[in-house]
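Participant: So that you have it, the file is input_8.cif, and it contains mmCIF, C-alpha atoms:
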```cif
data_run
#
loop_
_atom_site.group_PDB
_atom_site.id
_atom_site.type_symbol
_atom_site.label_atom_id
_atom_site.label_comp_id
_atom_site.auth_asym_id
_atom_site.auth_seq_id
_atom_site.Cartn_x
_atom_site.Cartn_y
_atom_site.Cartn_z
ATOM 1 C CA MET A 1 -28.065 12.221 -9.961
ATOM 2 C CA ARG A 2 -26.309 15.174 -11.617
ATOM 3 C CA LYS A 3 -27.956 18.515 -12.316
ATOM 4 C CA ALA A 4 -28.683 17.956 -15.995
ATOM 5 C CA TYR A 5 -31.727 18.385 -18.205
ATOM 6 C CA VAL A 6 -30.585 15.902 -20.855
ATOM 7 C CA ASN A 7 -30.350 12.212 -19.979
ATOM 8 C CA ASN A 8 -27.545 10.799 -22.087
ATOM 9 C CA ASN A 9 -26.347 7.237 -21.520
ATOM 10 C CA ILE A 10 -22.597 6.893 -21.264
ATOM 11 C CA LYS A 11 -20.908 4.978 -24.108
ATOM 12 C CA LEU A 12 -18.589 2.049 -23.394
ATOM 13 C CA ASN A 13 -15.440 3.821 -24.645
ATOM 14 C CA GLU A 14 -16.335 6.894 -22.560
ATOM 15 C CA PHE A 15 -16.809 4.660 -19.505
ATOM 16 C CA ASP A 16 -13.382 3.075 -20.143
ATOM 17 C CA ALA A 17 -11.760 6.472 -20.552
ATOM 18 C CA LEU A 18 -13.313 7.686 -17.291
ATOM 19 C CA ILE A 19 -11.960 4.624 -15.466
ATOM 20 C CA ARG A 20 -8.471 5.249 -16.871
ATOM 21 C CA ILE A 21 -8.565 8.912 -15.792
ATOM 22 C CA THR A 22 -9.813 7.924 -12.315
ATOM 23 C CA VAL A 23 -6.999 5.361 -11.886
ATOM 24 C CA GLU A 24 -4.322 7.830 -13.002
ATOM 25 C CA MET A 25 -5.737 10.493 -10.671
ATOM 26 C CA SER A 26 -5.849 8.096 -7.724
ATOM 27 C CA LYS A 27 -2.188 7.132 -8.341
ATOM 28 C CA TYR A 28 -1.299 10.809 -8.179
ATOM 29 C CA LEU A 29 -3.560 11.525 -5.199
ATOM 30 C CA TYR A 30 -2.787 8.356 -3.189
ATOM 31 C CA PRO A 31 -0.877 10.199 -0.401
ATOM 32 C CA TYR A 32 -3.888 12.475 0.109
ATOM 33 C CA ILE A 33 -6.404 9.603 0.000
ATOM 34 C CA ARG A 34 -4.296 7.777 2.572
ATOM 35 C CA GLU A 35 -4.175 10.801 4.865
ATOM 36 C CA ILE A 36 -7.959 11.238 4.690
ATOM 37 C CA LEU A 37 -8.454 7.572 5.635
ATOM 38 C CA LYS A 38 -5.897 7.898 8.429
ATOM 39 C CA SER A 39 -7.561 11.026 9.767
ATOM 40 C CA LYS A 40 -10.893 9.189 9.972
ATOM 41 C CA GLU A 41 -9.200 6.282 11.809
ATOM 42 C CA ASP A 42 -8.102 8.518 14.673
ATOM 43 C CA ILE A 43 -10.686 11.232 14.370
ATOM 44 C CA GLU A 44 -10.213 12.398 17.989
ATOM 45 C CA GLU A 45 -6.515 13.156 17.525
ATOM 46 C CA ASN A 46 -6.491 14.334 13.942
ATOM 47 C CA PRO A 47 -9.946 15.454 12.765
ATOM 48 C CA VAL A 48 -8.858 18.401 10.535
ATOM 49 C CA ILE A 49 -8.188 16.516 7.268
ATOM 50 C CA TRP A 50 -11.362 14.413 7.447
ATOM 51 C CA ASN A 51 -13.544 17.402 8.342
ATOM 52 C CA ASP A 52 -12.094 19.517 5.521
ATOM 53 C CA PHE A 53 -12.578 16.710 3.023
ATOM 54 C CA ASN A 54 -16.135 16.016 4.164
ATOM 55 C CA LYS A 55 -17.018 19.715 4.050
ATOM 56 C CA ARG A 56 -15.685 20.098 0.502
ATOM 57 C CA PHE A 57 -17.386 16.861 -0.581
ATOM 58 C CA ILE A 58 -20.765 18.150 0.626
ATOM 59 C CA GLU A 59 -20.155 21.543 -1.002
ATOM 60 C CA LEU A 60 -19.458 19.859 -4.358
ATOM 61 C CA ILE A 61 -22.511 17.618 -4.071
ATOM 62 C CA ASN A 62 -24.700 20.663 -3.336
ATOM 63 C CA GLU A 63 -23.167 22.523 -6.244
ATOM 64 C CA ARG A 64 -23.283 19.824 -8.938
ATOM 65 C CA PHE A 65 -25.861 17.207 -8.001
ATOM 66 C CA ASN A 66 -29.625 17.195 -8.022
ATOM 67 C CA ILE A 67 -30.299 17.580 -4.305
ATOM 68 C CA ASP A 68 -33.992 16.670 -4.685
ATOM 69 C CA SER A 69 -33.013 13.077 -5.472
ATOM 70 C CA ILE A 70 -33.254 10.626 -2.549
ATOM 71 C CA ARG A 71 -29.885 9.044 -3.407
ATOM 72 C CA VAL A 72 -28.202 12.448 -3.351
ATOM 73 C CA LYS A 73 -29.884 13.277 -0.042
ATOM 74 C CA LYS A 74 -28.300 10.110 1.341
ATOM 75 C CA LEU A 75 -24.893 11.391 0.227
ATOM 76 C CA LEU A 76 -25.502 14.662 2.024
ATOM 77 C CA ASN A 77 -26.608 13.059 5.275
ATOM 78 C CA GLN A 78 -23.475 12.979 7.463
ATOM 79 C CA ALA A 79 -24.720 10.017 9.491
ATOM 80 C CA GLU A 80 -25.129 7.883 6.349
ATOM 81 C CA ASN A 81 -22.438 9.141 3.994
ATOM 82 C CA ASN A 82 -19.414 8.037 6.062
ATOM 83 C CA GLU A 83 -19.585 4.450 4.848
ATOM 84 C CA ILE A 84 -20.059 5.469 1.205
ATOM 85 C CA ILE A 85 -17.111 7.884 1.347
ATOM 86 C CA ILE A 86 -14.776 5.440 3.112
ATOM 87 C CA LYS A 87 -15.613 2.601 0.717
ATOM 88 C CA SER A 88 -15.098 4.883 -2.280
ATOM 89 C CA LEU A 89 -11.734 6.050 -0.932
ATOM 90 C CA LEU A 90 -10.735 2.446 -0.237
ATOM 91 C CA ILE A 91 -11.633 1.393 -3.796
ATOM 92 C CA LEU A 92 -9.502 4.226 -5.174
ATOM 93 C CA SER A 93 -6.595 3.366 -2.892
ATOM 94 C CA PHE A 94 -6.701 -0.319 -3.957
ATOM 95 C CA CYS A 95 -6.498 0.618 -7.648
ATOM 96 C CA ILE A 96 -3.208 2.483 -7.916
ATOM 97 C CA SER A 97 -1.186 -0.395 -9.343
ATOM 98 C CA ASN A 98 -0.430 -0.923 -13.052
ATOM 99 C CA LYS A 99 -3.427 -3.241 -13.234
ATOM 100 C CA GLY A 100 -5.563 -0.684 -11.409
ATOM 101 C CA TYR A 101 -7.691 -0.078 -14.494
ATOM 102 C CA GLN A 102 -8.830 -3.719 -14.576
ATOM 103 C CA LYS A 103 -9.301 -3.785 -10.798
ATOM 104 C CA LEU A 104 -11.461 -0.665 -10.746
ATOM 105 C CA LYS A 105 -13.515 -1.977 -13.653
ATOM 106 C CA ASN A 106 -14.141 -5.234 -11.776
ATOM 107 C CA PHE A 107 -15.098 -3.372 -8.606
ATOM 108 C CA LEU A 108 -17.576 -1.230 -10.559
ATOM 109 C CA TYR A 109 -19.123 -4.181 -12.395
ATOM 110 C CA ASP A 110 -19.559 -6.054 -9.104
ATOM 111 C CA PHE A 111 -21.239 -3.120 -7.375
ATOM 112 C CA MET B 1 25.496 -18.640 -2.765
ATOM 113 C CA ILE B 2 24.435 -14.991 -2.511
ATOM 114 C CA GLN B 3 20.657 -14.627 -2.400
ATOM 115 C CA ASN B 4 18.768 -11.935 -4.274
ATOM 116 C CA LYS B 5 16.738 -9.437 -2.318
ATOM 117 C CA LEU B 6 13.869 -7.346 -3.668
ATOM 118 C CA SER B 7 11.878 -4.734 -1.754
ATOM 119 C CA PHE B 8 8.495 -3.213 -2.475
ATOM 120 C CA HIS B 9 7.508 -0.075 -0.595
ATOM 121 C CA GLN B 10 4.260 1.783 -0.148
ATOM 122 C CA SER B 11 4.097 4.560 2.476
ATOM 123 C CA SER B 12 4.101 2.722 5.839
ATOM 124 C CA ALA B 13 4.463 -0.827 4.564
ATOM 125 C CA SER B 14 7.322 -2.610 2.884
ATOM 126 C CA LEU B 15 7.665 -6.152 1.616
ATOM 127 C CA GLU B 16 11.031 -7.841 1.217
ATOM 128 C CA ILE B 17 11.495 -10.974 -0.862
ATOM 129 C CA ILE B 18 14.651 -13.047 -0.541
ATOM 130 C CA GLY B 19 15.445 -15.932 -2.873
ATOM 131 C CA LEU B 20 17.272 -17.346 -5.849
ATOM 132 C CA PRO B 21 16.713 -17.532 -9.597
ATOM 133 C CA ASP B 22 15.755 -20.848 -11.146
ATOM 134 C CA TYR B 23 18.866 -21.506 -13.242
ATOM 135 C CA SER B 24 17.303 -24.664 -14.715
ATOM 136 C CA ASN B 25 14.844 -22.328 -16.507
ATOM 137 C CA ASN B 26 17.697 -20.136 -17.830
ATOM 138 C CA GLU B 27 16.594 -17.229 -15.666
ATOM 139 C CA ASN B 28 18.569 -14.022 -15.156
ATOM 140 C CA LYS B 29 20.819 -13.522 -12.150
ATOM 141 C CA ASP B 30 18.554 -10.867 -10.618
ATOM 142 C CA GLN B 31 15.344 -12.941 -10.960
ATOM 143 C CA ILE B 32 13.703 -14.607 -7.925
ATOM 144 C CA SER B 33 11.754 -17.801 -8.507
ATOM 145 C CA ILE B 34 12.787 -19.828 -5.480
ATOM 146 C CA ILE B 35 11.683 -17.700 -2.551
ATOM 147 C CA SER B 36 13.399 -18.701 0.677
ATOM 148 C CA LYS B 37 12.104 -15.947 2.937
ATOM 149 C CA TRP B 38 9.832 -12.915 2.944
ATOM 150 C CA LYS B 39 9.290 -10.088 5.414
ATOM 151 C CA LEU B 40 6.365 -7.698 5.675
ATOM 152 C CA THR B 41 7.162 -4.601 7.705
ATOM 153 C CA ILE B 42 4.347 -2.315 8.785
ATOM 154 C CA VAL B 43 5.332 0.812 10.733
ATOM 155 C CA ASP B 44 4.627 0.501 14.483
ATOM 156 C CA LYS B 45 3.620 -3.173 14.118
ATOM 157 C CA PRO B 46 5.553 -6.392 14.738
ATOM 158 C CA LEU B 47 7.500 -7.813 11.798
ATOM 159 C CA ILE B 48 5.681 -10.506 9.823
ATOM 160 C CA GLU B 49 7.899 -13.083 8.142
ATOM 161 C CA GLY B 50 7.589 -16.580 6.821
ATOM 162 C CA LYS B 51 8.304 -19.147 4.169
ATOM 163 C CA ILE B 52 7.069 -19.247 0.578
ATOM 164 C CA GLU B 53 4.137 -21.544 1.437
ATOM 165 C CA HIS B 54 2.778 -18.834 3.743
ATOM 166 C CA LEU B 55 3.122 -15.900 1.338
ATOM 167 C CA GLY B 56 0.515 -17.010 -1.223
ATOM 168 C CA PRO B 57 -2.240 -17.719 1.343
ATOM 169 C CA ILE B 58 -1.545 -14.449 3.184
ATOM 170 C CA MET B 59 -1.697 -12.441 -0.053
ATOM 171 C CA ASP B 60 -4.904 -14.212 -1.061
ATOM 172 C CA ALA B 61 -6.364 -13.522 2.394
ATOM 173 C CA PHE B 62 -5.704 -9.795 2.042
ATOM 174 C CA TYR B 63 -7.142 -9.680 -1.481
ATOM 175 C CA ILE B 64 -10.287 -11.643 -0.597
ATOM 176 C CA TYR B 65 -10.792 -9.621 2.585
ATOM 177 C CA SER B 66 -10.427 -6.307 0.730
ATOM 178 C CA ASN B 67 -13.063 -7.457 -1.774
ATOM 179 C CA LEU B 68 -15.408 -8.482 1.046
ATOM 180 C CA LEU B 69 -14.795 -5.175 2.798
ATOM 181 C CA ILE B 70 -15.963 -3.229 -0.215
ATOM 182 C CA LYS B 71 -18.948 -5.424 -1.000
ATOM 183 C CA ASN B 72 -20.285 -6.401 2.431
ATOM 184 C CA GLU B 73 -21.102 -4.830 5.711
ATOM 185 C CA ILE B 74 -19.415 -7.438 7.953
ATOM 186 C CA PRO B 75 -16.330 -8.839 6.197
ATOM 187 C CA ILE B 76 -14.728 -11.937 7.717
ATOM 188 C CA TYR B 77 -11.950 -14.123 6.328
ATOM 189 C CA GLU B 78 -10.833 -17.295 8.116
ATOM 190 C CA SER B 79 -8.227 -19.894 7.199
ATOM 191 C CA LYS B 80 -5.747 -22.227 8.898
ATOM 192 C CA LEU B 81 -3.035 -19.598 8.654
ATOM 193 C CA ILE B 82 -4.720 -16.223 8.957
ATOM 194 C CA ASP B 83 -7.997 -14.701 10.161
ATOM 195 C CA ILE B 84 -9.021 -11.165 9.264
ATOM 196 C CA LYS B 85 -12.064 -9.522 10.791
ATOM 197 C CA ALA B 86 -13.310 -5.964 10.798
ATOM 198 C CA ASP B 87 -13.736 -4.435 14.254
ATOM 199 C CA ASN B 88 -15.511 -1.524 12.599
ATOM 200 C CA LEU B 89 -15.300 0.380 9.335
ATOM 201 C CA HIS B 90 -11.804 1.661 10.165
ATOM 202 C CA ILE B 91 -10.026 -1.045 12.178
ATOM 203 C CA HIS B 92 -9.158 -4.536 10.929
ATOM 204 C CA ASN B 93 -8.166 -7.322 13.260
ATOM 205 C CA ILE B 94 -5.546 -9.718 11.831
ATOM 206 C CA VAL B 95 -4.713 -13.003 13.578
ATOM 207 C CA LEU B 96 -1.647 -14.809 12.214
ATOM 208 C CA LYS B 97 -1.495 -18.405 13.401
ATOM 209 C CA SER B 98 1.889 -20.089 13.674
ATOM 210 C CA SER B 99 2.410 -23.498 12.097
ATOM 211 C CA LYS B 100 4.676 -24.426 15.031
ATOM 212 C CA PRO B 101 3.029 -25.947 18.140
ATOM 213 C CA ASN B 102 2.773 -23.954 21.397
ATOM 214 C CA VAL B 103 3.301 -20.612 19.632
ATOM 215 C CA LYS B 104 0.654 -18.027 20.391
ATOM 216 C CA PRO B 105 -1.006 -16.372 17.385
ATOM 217 C CA LEU B 106 0.143 -12.881 16.497
ATOM 218 C CA VAL B 107 -2.658 -10.319 16.704
ATOM 219 C CA LEU B 108 -2.439 -7.069 14.748
ATOM 220 C CA LYS B 109 -4.864 -4.203 14.439
ATOM 221 C CA ILE B 110 -4.470 -2.108 11.325
ATOM 222 C CA GLY B 111 -6.456 0.773 9.895
ATOM 223 C CA ASN B 112 -7.667 1.363 6.347
ATOM 224 C CA SER B 113 -4.512 3.310 5.439
ATOM 225 C CA LEU B 114 -2.207 0.442 6.453
ATOM 226 C CA LEU B 115 -4.474 -2.097 4.783
ATOM 227 C CA SER B 116 -4.281 -0.242 1.474
ATOM 228 C CA ASP B 117 -0.479 0.160 1.854
ATOM 229 C CA THR B 118 -0.119 -3.601 2.389
ATOM 230 C CA ILE B 119 -2.339 -4.455 -0.587
ATOM 231 C CA ASN B 120 -0.370 -2.069 -2.778
ATOM 232 C CA CYS B 121 2.878 -3.786 -1.721
ATOM 233 C CA PHE B 122 1.352 -7.133 -2.756
ATOM 234 C CA ASP B 123 0.222 -5.569 -6.052
ATOM 235 C CA GLN B 124 3.779 -4.409 -6.736
ATOM 236 C CA LEU B 125 5.063 -7.912 -6.009
ATOM 237 C CA ASN B 126 2.458 -9.494 -8.312
ATOM 238 C CA GLU B 127 3.323 -7.108 -11.117
ATOM 239 C CA SER B 128 7.082 -7.346 -10.714
ATOM 240 C CA PRO B 129 8.687 -9.170 -13.652
ATOM 241 C CA LYS B 130 11.615 -10.124 -11.400
ATOM 242 C CA VAL B 131 9.630 -12.356 -9.025
ATOM 243 C CA ARG B 132 7.658 -15.459 -9.924
ATOM 244 C CA ILE B 133 5.259 -16.809 -7.336
ATOM 245 C CA LYS B 134 3.744 -20.251 -7.640
ATOM 246 C CA LYS B 135 0.143 -20.220 -6.418
ATOM 247 C CA THR B 136 -0.711 -22.628 -3.615
ATOM 248 C CA ASP B 137 -4.106 -24.100 -2.732
ATOM 249 C CA ILE B 138 -5.725 -22.675 0.361
ATOM 250 C CA THR B 139 -8.720 -23.688 2.414
ATOM 251 C CA THR B 140 -10.857 -20.811 3.484
ATOM 252 C CA ASN B 141 -13.915 -20.422 5.623
ATOM 253 C CA ILE B 142 -15.782 -17.650 3.908
ATOM 254 C CA PRO B 143 -19.419 -17.544 5.102
ATOM 255 C CA LYS B 144 -21.710 -19.467 2.735
ATOM 256 C CA ASN B 145 -23.968 -16.549 1.942
ATOM 257 C CA LEU B 146 -20.910 -14.562 0.774
ATOM 258 C CA ARG B 147 -19.663 -17.456 -1.344
ATOM 259 C CA PHE B 148 -23.065 -17.587 -3.004
ATOM 260 C CA GLY B 149 -22.730 -13.891 -3.707
ATOM 261 C CA PHE B 150 -19.396 -14.501 -5.407
ATOM 262 C CA TYR B 151 -20.484 -17.302 -7.658
ATOM 263 C CA LYS B 152 -24.197 -16.748 -8.228
ATOM 264 C CA LYS B 153 -23.685 -14.782 -11.453
ATOM 265 C CA VAL B 154 -21.268 -17.379 -12.813
ATOM 266 C CA LYS B 155 -23.556 -20.260 -11.768
ATOM 267 C CA PHE B 156 -26.581 -18.616 -13.354
ATOM 268 C CA PHE B 157 -24.791 -18.337 -16.690
ATOM 269 C CA ASN B 158 -23.304 -21.827 -16.407
ATOM 270 C CA ILE B 159 -26.769 -23.314 -15.908
ATOM 271 C CA PHE B 160 -28.716 -21.426 -18.549
ATOM 272 C CA ILE B 161 -26.256 -20.648 -21.324
ATOM 273 C CA PRO B 162 -25.478 -24.248 -22.564
ATOM 274 C CA PRO B 163 -29.152 -25.333 -23.051
ATOM 275 C CA PHE B 164 -29.932 -21.941 -24.587
ATOM 276 C CA ILE B 165 -27.113 -22.321 -27.115
ATOM 277 C CA ALA B 166 -28.192 -25.936 -27.790
ATOM 278 C CA ILE B 167 -31.808 -24.897 -28.499
ATOM 279 C CA CYS B 168 -30.665 -22.033 -30.734
ATOM 280 C CA SER B 169 -28.347 -24.286 -32.738
ATOM 281 C CA LEU B 170 -31.135 -26.898 -33.127
ATOM 282 C CA ILE B 171 -33.506 -24.237 -34.445
ATOM 283 C CA LEU B 172 -30.890 -22.920 -36.873
ATOM 284 C CA PHE B 173 -29.913 -26.403 -38.067
ATOM 285 C CA SER B 174 -33.463 -27.678 -38.513
ATOM 286 C CA SER B 175 -34.596 -24.481 -40.249
ATOM 287 C CA SER B 176 -32.364 -25.384 -43.220
ATOM 288 C CA PHE B 177 -34.440 -28.576 -43.780
ATOM 289 C CA ILE B 178 -37.819 -26.989 -43.279
ATOM 290 C CA TYR B 179 -40.555 -27.864 -45.775
ATOM 291 C CA PHE B 180 -43.517 -25.547 -46.150
ATOM 292 C CA TYR B 181 -46.692 -27.363 -47.044
ATOM 293 C CA SER B 182 -48.509 -25.669 -49.894
ATOM 294 C CA PRO B 183 -52.128 -26.993 -50.430
ATOM 295 C CA PHE B 184 -52.452 -25.349 -53.913
ATOM 296 C CA GLU B 185 -49.470 -27.332 -55.280
ATOM 297 C CA ASN B 186 -51.100 -30.610 -54.139
ATOM 298 C CA ILE B 187 -54.445 -29.764 -55.762
ATOM 299 C CA ASP B 188 -52.646 -28.997 -59.069
ATOM 300 C CA LYS B 189 -50.751 -32.309 -58.922
ATOM 301 C CA LYS B 190 -53.954 -34.294 -58.220
ATOM 302 C CA GLU B 191 -55.672 -32.617 -61.166
ATOM 303 C CA GLN B 192 -52.752 -33.589 -63.434
ATOM 304 C CA ILE B 193 -52.981 -37.229 -62.347
ATOM 305 C CA ASN B 194 -56.796 -37.458 -62.586
ATOM 306 C CA PRO B 195 -57.889 -35.002 -65.285
#
```
Since I need it in another form, could you write the structure as structure tokens?

Facilitator:
Amino acid sequence: MRKAYVNNNIKLNEFDALIRITVEMSKYLYPYIREILKSKEDIEENPVIWNDFNKRFIELINERFNIDSIRVKKLLNQAENNEIIIKSLLILSFCISNKGYQKLKNFLYDF
Amino acid sequence: MIQNKLSFHQSSASLEIIGLPDYSNNENKDQISIISKWKLTIVDKPLIEGKIEHLGPIMDAFYIYSNLLIKNEIPIYESKLIDIKADNLHIHNIVLKSSKPNVKPLVLKIGNSLLSDTINCFDQLNESPKVRIKKTDITTNIPKNLRFGFYKKVKFFNIFIPPFIAICSLILFSSSFIYFYSPFENIDKKEQINP
């Protein structure tokens, strides 16, 4: 999905390290994640945070991902990407505890 | 006797546990093993409180529902004590049924932010070394197709792994006794007997 010419498979220890970094980042960013989710809940009253987040998300996808891929196109489509974004934010917000690493790993294996 | 009180907070939700240590297990004074009461406070929502036998099932309901929410499009959790249904992707409908007769169920609508706050409070409680919760059995009505989704991987391995291991061990064991028939050896022997 990423813009890359070399297809390297991720190693298990690299995958573990990425999960640990993601959990630590989501602990730190939980107040922001929560506000984004809250903004989407009452989008008519408070649309600014959600719109800013969505705009930046699409900018980053355009910048770093291979936009010719069908899966990436799905991420860019605003009608379809809402569910993916909300579920991803929810997963991150559920994994901020001390056992968040194990939780996130389980979520990813079950996906 | 003065009861211990422990609170777990996460943004708009807070969980309070009131109880006593189990002195028969030589526990510390500040430990809680015998929970007498718990209170879950969510901002702008009615207070939820109950006895120890309600806490385990309610926590399990939230955990199972959050898993269903992530994995399925229409998550539903139903039990004798609590029902949780998703109105849409952002609003979750919680129905808390009272164990007392003639008491109307309490209906709450919470968003994703409050749901994650509540689950994080439960996580803090689970991870707290000062509280020990005994797990209780619960009866749930999770749709059958979802249950199959949960267990199908486990069932698949349970069915196929034991015979596979048995066949492998038979092959390994019998290979140590294997005898390769060599026709040239037999011809030589026959020639020695009848020259």

Participant: Pick out the chain B residues within 9 Å of chain A. Count all atoms listed in the file. Give them as a PDB file with C-alpha atoms, in the frame of the given file.

Facilitator:
```
ATOM      1  CA  SER B  11       4.097   4.560   2.476  1.00  0.00           C
ATOM      2  CA  SER B  66     -10.427  -6.307   0.730  1.00  0.00           C
ATOM      3  CA  ASN B  67     -13.063  -7.457  -1.774  1.00  0.00           C
ATOM      4  CA  LEU B  69     -14.795  -5.175   2.798  1.00  0.00           C
ATOM      5  CA  ILE B  70     -15.963  -3.229  -0.215  1.00  0.00           C
ATOM      6  CA  LYS B  71     -18.948  -5.424  -1.000  1.00  0.00           C
ATOM      7  CA  LEU B  89     -15.300   0.380   9.335  1.00  0.00           C
ATOM      8  CA  HIS B  90     -11.804   1.661  10.165  1.00  0.00           C
ATOM      9  CA  ILE B  91     -10.026  -1.045  12.178  1.00  0.00           C
ATOM     10  CA  GLY B 111      -6.456   0.773   9.895  1.00  0.00           C
ATOM     11  CA  ASN B 112      -7.667   1.363   6.347  1.00  0.00           C
ATOM     12  CA  SER B 113      -4.512   3.310   5.439  1.00  0.00           C
ATOM     13  CA  LEU B 114      -2.207   0.442   6.453  1.00  0.00           C
ATOM     14  CA  SER B 116      -4.281  -0.242   1.474  1.00  0.00           C
ATOM     15  CA  ASP B 117      -0.479   0.160   1.854  1.00  0.00           C
ATOM     16  CA  ILE B 119      -2.339  -4.455  -0.587  1.00  0.00           C
ATOM     17  CA  ASN B 120      -0.370  -2.069  -2.778  1.00  0.00           C
ATOM     18  CA  ASP B 123       0.222  -5.569  -6.052  1.00  0.00           C
ATOM     19  CA  GLN B 124       3.779  -4.409  -6.736  1.00  0.00           C
ATOM     20  CA  GLU B 127       3.323  -7.108 -11.117  1.00  0.00           C
TER      21      GLU B 127
END
```

Participant: Determine, counting only C-alpha atoms, which protein, DNA and RNA residues have an atom within 10 Å of an atom of Asp30 (chain B); residues of the same chain fewer than 6 positions away are not included. Present the result as number ranges by chain.

Facilitator: B: 3-6, 19-21, 130-131

Participant: With C-alpha atoms retained, export the selected residues as a PDB file, in the coordinates of the input.

Facilitator:
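To be explicit, this is the file written out as part-v7.pdb:
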```
ATOM      1  CA  GLN B   3      20.657 -14.627  -2.400  1.00  0.00           C
ATOM      2  CA  ASN B   4      18.768 -11.935  -4.274  1.00  0.00           C
ATOM      3  CA  LYS B   5      16.738  -9.437  -2.318  1.00  0.00           C
ATOM      4  CA  LEU B   6      13.869  -7.346  -3.668  1.00  0.00           C
ATOM      5  CA  GLY B  19      15.445 -15.932  -2.873  1.00  0.00           C
ATOM      6  CA  LEU B  20      17.272 -17.346  -5.849  1.00  0.00           C
ATOM      7  CA  PRO B  21      16.713 -17.532  -9.597  1.00  0.00           C
ATOM      8  CA  LYS B 130      11.615 -10.124 -11.400  1.00  0.00           C
ATOM      9  CA  VAL B 131       9.630 -12.356  -9.025  1.00  0.00           C
TER      10      VAL B 131
END
```

Participant: With the file shown as input, list the residues that the PyMOL selection byres ((chain B and resi 97-104) around 7) selects, as a PyMOL selection string.

Facilitator: chain B and resi 81-82+95-96+105-106

Participant: Give the answer as one residue: which of A:Trp50, A:Asn62, A:Leu104, A:Tyr109 has the shortest atom-to-atom distance to Arg20 (chain A), using only C-alpha atoms?

Facilitator: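 Under the stated criterion, the closest residue is A:Leu104.
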
Participant: In Å, rounded to a single decimal, give me how far CA of Ser33 (chain B) is from CA of Arg132 (chain B).

Facilitator: 4.9 Å

Participant: Figure out the distance between CA of Met59 (chain B) and CA of Tyr77 (chain B), please, to one decimal in Å.

Facilitator: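 Computing the Euclidean distance for CA of Tyr77 (chain B) and CA of Met59 (chain B) yields 12.2 Å.
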
Participant: Grab the CA of Ala86 (chain B) to CA of Ile85 (chain A) distance for me, in Å with one decimal place.

Facilitator: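 One can read the CA of Ala86 (chain B) to CA of Ile85 (chain A) distance as 17.2 Å.
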
Participant: My list of candidates is A:Glu63, A:Phe57, A:Tyr32, A:Asn13. Which is closest to Leu75 (chain A) when distances are computed with all atoms listed in the file?

Facilitator: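 Distance minimum relative to Leu75 (chain A) lands on A:Phe57.
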
Participant: For the PyMOL selection byres ((chain B and resi 39-50) around 8), applied here, can you spell out every residue it catches as a list in words?

Facilitator: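 Evaluating the PyMOL selection byres ((chain B and resi 39-50) around 8) on these coordinates yields Ser12, Ala13, Ser14, Leu15, Glu16, Ile17, Lys37, Trp38, Lys51, Ile52, His54, Leu55, Leu108, Leu114 and Thr118 of chain B.
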
Participant: Output the selection as a CSV table (one decimal), in the frame of the given file - C-alpha atoms for each residue.

Facilitator:
```csv
chain,number,residue,atom,x,y,z
B,12,SER,CA,4.1,2.7,5.8
B,13,ALA,CA,4.5,-0.8,4.6
B,14,SER,CA,7.3,-2.6,2.9
B,15,LEU,CA,7.7,-6.2,1.6
B,16,GLU,CA,11.0,-7.8,1.2
B,17,ILE,CA,11.5,-11.0,-0.9
B,37,LYS,CA,12.1,-15.9,2.9
B,38,TRP,CA,9.8,-12.9,2.9
B,51,LYS,CA,8.3,-19.1,4.2
B,52,ILE,CA,7.1,-19.2,0.6
B,54,HIS,CA,2.8,-18.8,3.7
B,55,LEU,CA,3.1,-15.9,1.3
B,108,LEU,CA,-2.4,-7.1,14.7
B,114,LEU,CA,-2.2,0.4,6.5
B,118,THR,CA,-0.1,-3.6,2.4
```

Participant: Which one of B:His92, B:Glu53, B:Ser169, B:Glu78 sits closest to Lys134 (chain B) if you count only C-alpha atoms?

Facilitator: B:Glu53

Participant: Translate the PyMOL selection byres ((chain B and resi 76) around 8), as applied to the file shown, into an explicit residue set as a list in words.

Facilitator: Tyr65, Leu68, Ile74, Pro75, Tyr77, Glu78, Asp83, Ile84, Lys85, Ala86, Ile142 and Pro143 of chain B
